[in-house]
Amino acid sequence: MAARSANEILAALGSEQGRRDPMPLFAELHRIGPVCRLEPGTSPYAVVVNGYDAAQEALKDTRFGRLLTADPDPQDAVLRRLGGSMMFKNEPEHLRMRKVFQAVLTPRRLTGFEPVVEALATELLDDLGKAGRDGQVIDFVDFAYRLPITVIGTFLGIPRSDLGWFRDRTKAIDDYLDLGGKAPERLAAANQAADELNDYYARMLADRRVQPRDDLVSSLVDSDLAEQELIDNLLVLVNASFVTTMNLLTNGLELLLAQPDLVDALRDEPVRAADCVEEILRHQSSVQLISRKASVDLELAGETITAGSLVLILPGAANRDPAKHPDADTFDPDRVDLQHLSFGAGPFYCVGAGLARMEGRAAFGQLFQRFPQLQLAGEPVRSHSLLLRGHASMPIRLG
């Protein structure tokens, strides 16, 4: 079969098969080069960046700016809310907002929160055990959702009774952000979700100003950020903090169960969970697509990129670059180099990376000790999203 062009490979990524298993397509891109030029007029993007070094360079270089909309005051609520957050801001606005969150998300505060994460994982594994007793088939996705949303909810001070409400609203926004997700019905659902989340956080901030508590939101209410800036950042922080960790957990379980020797080693030495989490993130990046816009003419891996051009960065492909990771398609937590780009790089590096790692360590450090006979009870079903790689369902038995 003749080698496919980068345009053909990108089109295949959006197909049902490409969404389920993009890895062979990533390998095709690597054979073309670390930066693949697309034919003019065939895609909104000028190039696809799939090589590790090139992707890292692009993510670190602030001349590759973030983009969401060219309209400074978009009509759609989802664009206003996302565009008002540090996740979609360029410098200097991004750094101004990021400093506020870094001031309260200190390493010391996160370290002090780790016993809470461990305790929440234990509690939710107790619930998992009750649901799966007597060989009952259960869906691991439910646990994978509950752990990170309960952790971020506890951290922020969101009542547990409200946590289930977030799932559909977050999914509506993520569906809109996915490749090919701009259909009118998805935009309408995302707008409604953004409005409802906006109202929720506005009430929460008003409550904390009257009755401060020992939570992150109370630490933020007197910051230098305006009310709407706080709301927009809280919306994105919660969305990003649990969906990606949810995918980390389901991707990781599938990978680990395929290697029983690794499960045995992890059960005997829970400390190995740290390396397992890094290799899960490398092998199956929760975030597969990142868009950037060149603010000036520049060069990347020998390719000239003109000012105003859109660039599509593929962290999942970069993490599988054989020039960076020998035998890149093999899941191996014992490999010498566990570096990856799943949390980004440079000034836009994920502010919640430490918390996500903590949740992964807590879950996989306990899971197989609690349930040494855990096994799949059917074929896991991948979510349709290409942007966020995870599972819609994962039937398991605990033994």
# chains A, B, ... in the order shown; residues from 1 in each chain; ligands from 1
$ residues_around --residues "Gly51 (chain A)" --least-positions-apart "5" --cutoff "10 Å" --atoms "only C-alpha atoms" --output "PyMOL selection string"
chain A and resi 26+29-30+33-36+56-57+301+313-324
$ write_last_selection --atoms "N, CA, C and O atoms" --output "PDB file, in the first residue's frame"
ATOM      1  N   PHE A  26      -0.218   7.450  14.310  1.00  0.00           N
ATOM      2  CA  PHE A  26       0.926   8.196  14.837  1.00  0.00           C
ATOM      3  C   PHE A  26       2.227   7.651  14.250  1.00  0.00           C
ATOM      4  O   PHE A  26       3.141   8.415  13.907  1.00  0.00           O
ATOM      5  N   LEU A  29       2.799   9.010  10.841  1.00  0.00           N
ATOM      6  CA  LEU A  29       3.296  10.394  10.884  1.00  0.00           C
ATOM      7  C   LEU A  29       4.784  10.426  11.213  1.00  0.00           C
ATOM      8  O   LEU A  29       5.540  11.222  10.627  1.00  0.00           O
ATOM      9  N   HIS A  30       5.216   9.575  12.136  1.00  0.00           N
ATOM     10  CA  HIS A  30       6.639   9.544  12.486  1.00  0.00           C
ATOM     11  C   HIS A  30       7.493   9.187  11.275  1.00  0.00           C
ATOM     12  O   HIS A  30       8.627   9.679  11.137  1.00  0.00           O
ATOM     13  N   GLY A  33       7.947  12.468   9.278  1.00  0.00           N
ATOM     14  CA  GLY A  33       8.861  13.418   9.914  1.00  0.00           C
ATOM     15  C   GLY A  33       8.270  13.966  11.192  1.00  0.00           C
ATOM     16  O   GLY A  33       7.084  13.769  11.476  1.00  0.00           O
ATOM     17  N   PRO A  34       9.064  14.670  11.995  1.00  0.00           N
ATOM     18  CA  PRO A  34       8.569  15.183  13.288  1.00  0.00           C
ATOM     19  C   PRO A  34       7.531  16.293  13.151  1.00  0.00           C
ATOM     20  O   PRO A  34       6.714  16.499  14.034  1.00  0.00           O
ATOM     21  N   VAL A  35       7.572  17.036  12.037  1.00  0.00           N
ATOM     22  CA  VAL A  35       6.576  18.064  11.728  1.00  0.00           C
ATOM     23  C   VAL A  35       6.087  17.798  10.308  1.00  0.00           C
ATOM     24  O   VAL A  35       6.887  17.800   9.375  1.00  0.00           O
ATOM     25  N   CYS A  36       4.807  17.543  10.154  1.00  0.00           N
ATOM     26  CA  CYS A  36       4.239  17.170   8.857  1.00  0.00           C
ATOM     27  C   CYS A  36       3.396  18.314   8.303  1.00  0.00           C
ATOM     28  O   CYS A  36       2.429  18.735   8.945  1.00  0.00           O
ATOM     29  N   GLN A  56       7.830  19.322  22.170  1.00  0.00           N
ATOM     30  CA  GLN A  56       8.293  19.981  23.391  1.00  0.00           C
ATOM     31  C   GLN A  56       8.721  21.413  23.107  1.00  0.00           C
ATOM     32  O   GLN A  56       8.396  22.335  23.871  1.00  0.00           O
ATOM     33  N   GLU A  57       9.414  21.620  22.004  1.00  0.00           N
ATOM     34  CA  GLU A  57       9.844  22.973  21.637  1.00  0.00           C
ATOM     35  C   GLU A  57       8.650  23.885  21.398  1.00  0.00           C
ATOM     36  O   GLU A  57       8.618  25.030  21.860  1.00  0.00           O
ATOM     37  N   ALA A 301      11.697  22.304  13.572  1.00  0.00           N
ATOM     38  CA  ALA A 301      12.215  21.056  12.996  1.00  0.00           C
ATOM     39  C   ALA A 301      12.429  21.186  11.487  1.00  0.00           C
ATOM     40  O   ALA A 301      12.122  20.275  10.719  1.00  0.00           O
ATOM     41  N   ILE A 313      -0.604  20.050  17.649  1.00  0.00           N
ATOM     42  CA  ILE A 313       0.400  19.262  18.369  1.00  0.00           C
ATOM     43  C   ILE A 313      -0.270  18.004  18.909  1.00  0.00           C
ATOM     44  O   ILE A 313      -1.358  18.068  19.486  1.00  0.00           O
ATOM     45  N   LEU A 314       0.378  16.856  18.732  1.00  0.00           N
ATOM     46  CA  LEU A 314      -0.170  15.575  19.165  1.00  0.00           C
ATOM     47  C   LEU A 314       0.701  14.989  20.280  1.00  0.00           C
ATOM     48  O   LEU A 314       1.674  14.277  20.010  1.00  0.00           O
ATOM     49  N   PRO A 315       0.373  15.277  21.555  1.00  0.00           N
ATOM     50  CA  PRO A 315       1.182  14.726  22.649  1.00  0.00           C
ATOM     51  C   PRO A 315       1.225  13.200  22.640  1.00  0.00           C
ATOM     52  O   PRO A 315       2.258  12.602  22.964  1.00  0.00           O
ATOM     53  N   GLY A 316       0.101  12.566  22.274  1.00  0.00           N
ATOM     54  CA  GLY A 316       0.074  11.108  22.248  1.00  0.00           C
ATOM     55  C   GLY A 316       1.053  10.539  21.245  1.00  0.00           C
ATOM     56  O   GLY A 316       1.685   9.504  21.487  1.00  0.00           O
ATOM     57  N   ALA A 317       1.203  11.220  20.099  1.00  0.00           N
ATOM     58  CA  ALA A 317       2.173  10.790  19.098  1.00  0.00           C
ATOM     59  C   ALA A 317       3.598  11.091  19.563  1.00  0.00           C
ATOM     60  O   ALA A 317       4.510  10.269  19.405  1.00  0.00           O
ATOM     61  N   ALA A 318       3.796  12.281  20.138  1.00  0.00           N
ATOM     62  CA  ALA A 318       5.127  12.655  20.614  1.00  0.00           C
ATOM     63  C   ALA A 318       5.637  11.674  21.669  1.00  0.00           C
ATOM     64  O   ALA A 318       6.825  11.301  21.672  1.00  0.00           O
ATOM     65  N   ASN A 319       4.748  11.226  22.539  1.00  0.00           N
ATOM     66  CA  ASN A 319       5.139  10.268  23.575  1.00  0.00           C
ATOM     67  C   ASN A 319       5.497   8.905  23.002  1.00  0.00           C
ATOM     68  O   ASN A 319       6.125   8.093  23.683  1.00  0.00           O
ATOM     69  N   ARG A 320       5.072   8.630  21.765  1.00  0.00           N
ATOM     70  CA  ARG A 320       5.387   7.365  21.096  1.00  0.00           C
ATOM     71  C   ARG A 320       6.495   7.523  20.050  1.00  0.00           C
ATOM     72  O   ARG A 320       6.722   6.625  19.248  1.00  0.00           O
ATOM     73  N   ASP A 321       7.181   8.654  20.071  1.00  0.00           N
ATOM     74  CA  ASP A 321       8.241   8.902  19.090  1.00  0.00           C
ATOM     75  C   ASP A 321       9.401   7.931  19.333  1.00  0.00           C
ATOM     76  O   ASP A 321      10.047   7.973  20.384  1.00  0.00           O
ATOM     77  N   PRO A 322       9.701   7.044  18.365  1.00  0.00           N
ATOM     78  CA  PRO A 322      10.796   6.087  18.578  1.00  0.00           C
ATOM     79  C   PRO A 322      12.158   6.745  18.705  1.00  0.00           C
ATOM     80  O   PRO A 322      13.094   6.140  19.243  1.00  0.00           O
ATOM     81  N   ALA A 323      12.273   7.994  18.224  1.00  0.00           N
ATOM     82  CA  ALA A 323      13.542   8.706  18.392  1.00  0.00           C
ATOM     83  C   ALA A 323      13.766   9.111  19.842  1.00  0.00           C
ATOM     84  O   ALA A 323      14.904   9.343  20.264  1.00  0.00           O
ATOM     85  N   LYS A 324      12.694   9.190  20.617  1.00  0.00           N
ATOM     86  CA  LYS A 324      12.784   9.527  22.039  1.00  0.00           C
ATOM     87  C   LYS A 324      12.731   8.276  22.901  1.00  0.00           C
ATOM     88  O   LYS A 324      13.504   8.132  23.854  1.00  0.00           O
TER      89      LYS A 324
END
$ closest_atom_pairs --of "region 106-175 of chain A" --to "region 78-85 of chain A" --cutoff "12 Å" --atoms "only C-alpha atoms" --output "tab-separated table"
residue	atom	partner	partner_atom	distance
A:Arg169	CA	A:Val78	CA	11.1
A:Thr170	CA	A:Val78	CA	11.1
A:Ala172	CA	A:Val78	CA	10.0
A:Ile173	CA	A:Val78	CA	7.4
A:Asp174	CA	A:Val78	CA	10.5
A:Asp175	CA	A:Val78	CA	11.7
$ residues_around --residues "Leu156 (chain A)" --least-positions-apart "3" --cutoff "8 Å" --atoms "only C-alpha atoms" --output "ChimeraX atom specification"
/A:152-153,215-217
$ write_last_selection --atoms "all heavy atoms" --output "PDB file, in the first residue's frame"
ATOM      1  N   ILE A 152     -11.059  16.673  43.922  1.00  0.00           N
ATOM      2  CA  ILE A 152     -11.087  18.102  43.611  1.00  0.00           C
ATOM      3  C   ILE A 152     -12.254  18.770  44.334  1.00  0.00           C
ATOM      4  O   ILE A 152     -12.147  19.930  44.767  1.00  0.00           O
ATOM      5  CB  ILE A 152     -11.160  18.340  42.080  1.00  0.00           C
ATOM      6  CG1 ILE A 152     -10.863  19.805  41.758  1.00  0.00           C
ATOM      7  CG2 ILE A 152     -12.494  17.932  41.503  1.00  0.00           C
ATOM      8  CD1 ILE A 152      -9.485  20.290  42.116  1.00  0.00           C
ATOM      9  N   GLY A 153     -13.361  18.047  44.507  1.00  0.00           N
ATOM     10  CA  GLY A 153     -14.480  18.602  45.260  1.00  0.00           C
ATOM     11  C   GLY A 153     -14.113  18.876  46.704  1.00  0.00           C
ATOM     12  O   GLY A 153     -14.456  19.929  47.264  1.00  0.00           O
ATOM     13  N   ASP A 215     -10.858  25.695  52.579  1.00  0.00           N
ATOM     14  CA  ASP A 215     -10.835  25.089  51.250  1.00  0.00           C
ATOM     15  C   ASP A 215     -10.210  26.062  50.257  1.00  0.00           C
ATOM     16  O   ASP A 215      -9.944  27.232  50.577  1.00  0.00           O
ATOM     17  CB  ASP A 215     -12.239  24.660  50.788  1.00  0.00           C
ATOM     18  CG  ASP A 215     -13.254  25.801  50.769  1.00  0.00           C
ATOM     19  OD1 ASP A 215     -12.870  26.926  50.395  1.00  0.00           O
ATOM     20  OD2 ASP A 215     -14.427  25.577  51.122  1.00  0.00           O
ATOM     21  N   LEU A 216      -9.970  25.565  49.057  1.00  0.00           N
ATOM     22  CA  LEU A 216      -9.257  26.353  48.058  1.00  0.00           C
ATOM     23  C   LEU A 216     -10.059  27.573  47.614  1.00  0.00           C
ATOM     24  O   LEU A 216      -9.491  28.654  47.404  1.00  0.00           O
ATOM     25  CB  LEU A 216      -8.935  25.470  46.841  1.00  0.00           C
ATOM     26  CG  LEU A 216      -7.997  26.078  45.803  1.00  0.00           C
ATOM     27  CD1 LEU A 216      -6.602  26.275  46.382  1.00  0.00           C
ATOM     28  CD2 LEU A 216      -7.926  25.201  44.556  1.00  0.00           C
ATOM     29  N   VAL A 217     -11.365  27.431  47.465  1.00  0.00           N
ATOM     30  CA  VAL A 217     -12.184  28.552  47.016  1.00  0.00           C
ATOM     31  C   VAL A 217     -12.112  29.702  48.016  1.00  0.00           C
ATOM     32  O   VAL A 217     -12.002  30.872  47.635  1.00  0.00           O
ATOM     33  CB  VAL A 217     -13.639  28.108  46.773  1.00  0.00           C
ATOM     34  CG1 VAL A 217     -14.527  29.312  46.484  1.00  0.00           C
ATOM     35  CG2 VAL A 217     -13.703  27.133  45.604  1.00  0.00           C
TER      36      VAL A 217
END
$ select_by_dssp --residues "region 14-96 of chain A" --states "strand (DSSP E)" --output "number ranges by chain"
A: 35-37, 45-49, 64-65
$ write_last_selection --atoms "C-alpha atoms" --output "PDB file, in the first residue's frame"
ATOM      1  CA  VAL A  35       6.576  18.064  11.728  1.00  0.00           C
ATOM      2  CA  CYS A  36       4.239  17.170   8.857  1.00  0.00           C
ATOM      3  CA  ARG A  37       3.038  19.888   6.510  1.00  0.00           C
ATOM      4  CA  TYR A  45      -3.907  23.667  10.388  1.00  0.00           C
ATOM      5  CA  ALA A  46      -0.678  24.342   8.514  1.00  0.00           C
ATOM      6  CA  VAL A  47       1.305  21.538  10.163  1.00  0.00           C
ATOM      7  CA  VAL A  48       0.933  18.576  12.487  1.00  0.00           C
ATOM      8  CA  VAL A  49       3.630  18.243  15.158  1.00  0.00           C
ATOM      9  CA  PHE A  64       3.105  29.526  19.646  1.00  0.00           C
ATOM     10  CA  GLY A  65       0.100  31.057  21.345  1.00  0.00           C
TER      11      GLY A  65
END
$ closest_residue --among "A:Arg397, A:Arg361, A:Arg389, A:Arg335" --to "Ala377 (chain A)" --atoms "only C-alpha atoms"
A:Arg397
$ residues_around --residues "Asp222 (chain A)" --least-positions-apart "6" --cutoff "12 Å" --atoms "only C-alpha atoms" --output "list in words"
Val100, Val104, Leu205, Ala206, Arg208, Arg209, Val210, Pro212, Leu216 and Leu230 of chain A
$ write_last_selection --atoms "N, CA and C atoms" --output "CSV table (one decimal), in the first residue's frame"
chain,number,residue,atom,x,y,z
A,100,VAL,N,-1.8,33.5,40.7
A,100,VAL,CA,-2.8,33.4,41.8
A,100,VAL,C,-3.0,32.0,42.2
A,104,VAL,N,-1.8,29.5,45.9
A,104,VAL,CA,-2.6,28.7,46.9
A,104,VAL,C,-2.4,27.2,46.6
A,205,LEU,N,-18.8,31.3,45.3
A,205,LEU,CA,-18.0,32.4,45.7
A,205,LEU,C,-18.7,33.4,46.7
A,206,ALA,N,-20.0,33.6,46.4
A,206,ALA,CA,-20.7,34.5,47.3
A,206,ALA,C,-20.8,33.9,48.7
A,208,ARG,N,-18.7,31.8,50.1
A,208,ARG,CA,-17.4,31.8,50.8
A,208,ARG,C,-17.0,33.2,51.3
A,209,ARG,N,-17.5,34.3,50.7
A,209,ARG,CA,-17.2,35.6,51.2
A,209,ARG,C,-18.0,35.9,52.5
A,210,VAL,N,-19.1,35.2,52.7
A,210,VAL,CA,-19.8,35.4,53.9
A,210,VAL,C,-19.4,34.4,55.0
A,212,PRO,N,-16.3,31.9,55.1
A,212,PRO,CA,-15.0,31.3,54.7
A,212,PRO,C,-14.9,29.9,55.3
A,216,LEU,N,-10.0,25.6,49.1
A,216,LEU,CA,-9.3,26.4,48.1
A,216,LEU,C,-10.1,27.6,47.6
A,230,LEU,N,-12.3,34.5,38.3
A,230,LEU,CA,-12.3,33.4,39.3
A,230,LEU,C,-13.3,32.3,38.8
$ residues_around --residues "region 251-254 of chain A" --least-positions-apart "2" --cutoff "9 Å" --atoms "only C-alpha atoms" --output "short mmCIF file (atom, residue, chain, number, x, y, z; two decimals) with N, CA and C atoms, in the first residue's frame"
data_model
loop_
_atom_site.label_atom_id
_atom_site.label_comp_id
_atom_site.auth_asym_id
_atom_site.auth_seq_id
_atom_site.Cartn_x
_atom_site.Cartn_y
_atom_site.Cartn_z
N PHE A 140 -15.70 -0.07 36.09
CA PHE A 140 -14.58 0.63 36.71
C PHE A 140 -14.62 2.13 36.41
N MET A 246 -9.53 10.63 35.32
CA MET A 246 -10.44 9.53 35.04
C MET A 246 -9.88 8.67 33.89
N ASN A 247 -9.37 9.32 32.85
CA ASN A 247 -8.79 8.60 31.73
C ASN A 247 -7.49 7.92 32.11
N LEU A 248 -6.68 8.58 32.92
CA LEU A 248 -5.45 7.96 33.43
C LEU A 248 -5.76 6.63 34.12
N LEU A 249 -6.82 6.61 34.92
CA LEU A 249 -7.15 5.42 35.69
C LEU A 249 -7.67 4.29 34.80
N LEU A 256 -2.36 -2.43 32.69
CA LEU A 256 -1.81 -3.28 33.75
C LEU A 256 -2.39 -4.69 33.71
N LEU A 257 -3.69 -4.81 33.47
CA LEU A 257 -4.30 -6.14 33.44
C LEU A 257 -3.79 -6.98 32.28
N ALA A 258 -3.25 -6.32 31.25
CA ALA A 258 -2.68 -7.07 30.13
C ALA A 258 -1.32 -7.65 30.47
N CYS A 276 4.52 3.40 37.36
CA CYS A 276 3.40 2.95 36.52
C CYS A 276 2.58 4.13 36.03
N VAL A 277 2.33 5.08 36.90
CA VAL A 277 1.54 6.25 36.51
C VAL A 277 2.24 7.02 35.40
N GLU A 279 4.38 5.90 33.18
CA GLU A 279 4.37 5.14 31.94
C GLU A 279 2.97 5.06 31.33
N ILE A 280 1.95 5.02 32.17
CA ILE A 280 0.58 5.09 31.65
C ILE A 280 0.38 6.42 30.91
N LEU A 281 0.83 7.49 31.52
CA LEU A 281 0.68 8.81 30.90
C LEU A 281 1.46 8.91 29.60
N GLN A 284 -0.38 6.18 27.00
CA GLN A 284 -1.76 6.52 26.65
C GLN A 284 -2.08 7.91 27.18
N SER A 285 -1.57 8.92 26.53
CA SER A 285 -1.79 10.29 27.00
C SER A 285 -3.27 10.60 27.09
N SER A 286 -3.70 11.12 28.23
CA SER A 286 -5.11 11.48 28.40
C SER A 286 -5.53 12.58 27.44
N GLY A 360 -3.36 9.03 40.93
CA GLY A 360 -2.97 7.78 40.29
C GLY A 360 -2.19 6.87 41.21
N PHE A 364 -3.69 3.10 42.21
CA PHE A 364 -2.98 1.88 41.81
C PHE A 364 -2.11 1.32 42.92
N LEU A 376 -10.94 -8.10 33.93
CA LEU A 376 -11.96 -7.59 33.02
C LEU A 376 -13.08 -8.60 32.90
N PRO A 380 -13.62 -3.58 27.18
CA PRO A 380 -13.76 -2.14 27.48
C PRO A 380 -14.20 -1.37 26.23
N ARG A 389 -8.43 10.89 25.60
CA ARG A 389 -8.44 9.45 25.37
C ARG A 389 -8.76 8.70 26.66
N GLY A 390 -9.88 8.02 26.65
CA GLY A 390 -10.29 7.25 27.82
C GLY A 390 -11.34 6.24 27.45
N HIS A 391 -12.18 5.89 28.41
CA HIS A 391 -13.17 4.83 28.21
C HIS A 391 -14.57 5.31 28.60
N MET A 394 -15.93 0.09 31.33
CA MET A 394 -14.90 -0.91 31.55
C MET A 394 -15.43 -1.92 32.55
#
$ residues_around --residues "region 176-187 of chain A" --least-positions-apart "2" --cutoff "9 Å" --atoms "only C-alpha atoms" --output "PDB file with C-alpha atoms, in the first residue's frame"
ATOM      1  CA  GLY A  14     -11.109  11.608  12.976  1.00  0.00           C
ATOM      2  CA  ASP A  76     -21.416  31.809  22.989  1.00  0.00           C
ATOM      3  CA  VAL A  78     -18.798  28.302  26.455  1.00  0.00           C
ATOM      4  CA  LYS A 171     -18.896  16.062  29.075  1.00  0.00           C
ATOM      5  CA  ALA A 172     -20.911  18.593  27.074  1.00  0.00           C
ATOM      6  CA  ILE A 173     -17.984  21.024  27.104  1.00  0.00           C
ATOM      7  CA  ASP A 174     -15.408  18.322  26.312  1.00  0.00           C
ATOM      8  CA  ALA A 189     -25.270  21.787  24.961  1.00  0.00           C
ATOM      9  CA  ALA A 190     -21.883  23.311  25.827  1.00  0.00           C
ATOM     10  CA  ASN A 191     -23.390  26.795  26.145  1.00  0.00           C
ATOM     11  CA  GLN A 192     -26.070  25.540  28.522  1.00  0.00           C
ATOM     12  CA  LEU A 289      -4.617  17.200  20.793  1.00  0.00           C
ATOM     13  CA  SER A 385     -13.413  11.549  21.960  1.00  0.00           C
ATOM     14  CA  LEU A 386     -10.063  11.914  20.230  1.00  0.00           C
ATOM     15  CA  LEU A 387      -9.107  14.989  22.269  1.00  0.00           C
ATOM     16  CA  LEU A 388      -9.407  13.122  25.587  1.00  0.00           C
TER      17      LEU A 388
END
$ select_by_dssp --residues "region 1-35 of chain A" --states "alpha helix (DSSP H)" --output "list in words"
Ala6, Asn7, Glu8, Ile9, Leu10, Ala11, Ala12, Leu13, Glu16, Gln17, Gly18, Arg19, Arg20, Met23, Pro24, Leu25, Phe26, Ala27, Glu28, Leu29, His30, Arg31 and Ile32 of chain A
$ residues_around --residues "region 348-357 of chain A" --least-positions-apart "5" --cutoff "7 Å" --atoms "only C-alpha atoms" --output "mmCIF file with N, CA and C atoms, in the first residue's frame"
data_model
loop_
_atom_site.group_PDB
_atom_site.id
_atom_site.type_symbol
_atom_site.label_atom_id
_atom_site.label_comp_id
_atom_site.auth_asym_id
_atom_site.auth_seq_id
_atom_site.Cartn_x
_atom_site.Cartn_y
_atom_site.Cartn_z
ATOM 1 N N SER A 241 -9.403 18.784 35.820
ATOM 2 C CA SER A 241 -8.787 18.010 36.901
ATOM 3 C C SER A 241 -9.337 16.610 37.026
ATOM 4 N N THR A 245 -7.741 12.682 34.799
ATOM 5 C CA THR A 245 -7.376 11.642 35.759
ATOM 6 C C THR A 245 -8.271 10.420 35.609
ATOM 7 N N VAL A 277 2.329 5.081 36.898
ATOM 8 C CA VAL A 277 1.536 6.252 36.510
ATOM 9 C C VAL A 277 2.239 7.022 35.398
ATOM 10 N N PHE A 343 1.317 16.328 30.297
ATOM 11 C CA PHE A 343 0.899 17.517 31.041
ATOM 12 C C PHE A 343 1.370 18.799 30.351
#
$ atom_distance --atom1 "CA of Glu303 (chain A)" --atom2 "CA of Gly346 (chain A)"
21.2 Å
$ closest_residue --among "A:Gln102, A:Ala307, A:Val117, A:Thr244" --to "Tyr145 (chain A)" --atoms "only C-alpha atoms"
A:Thr244
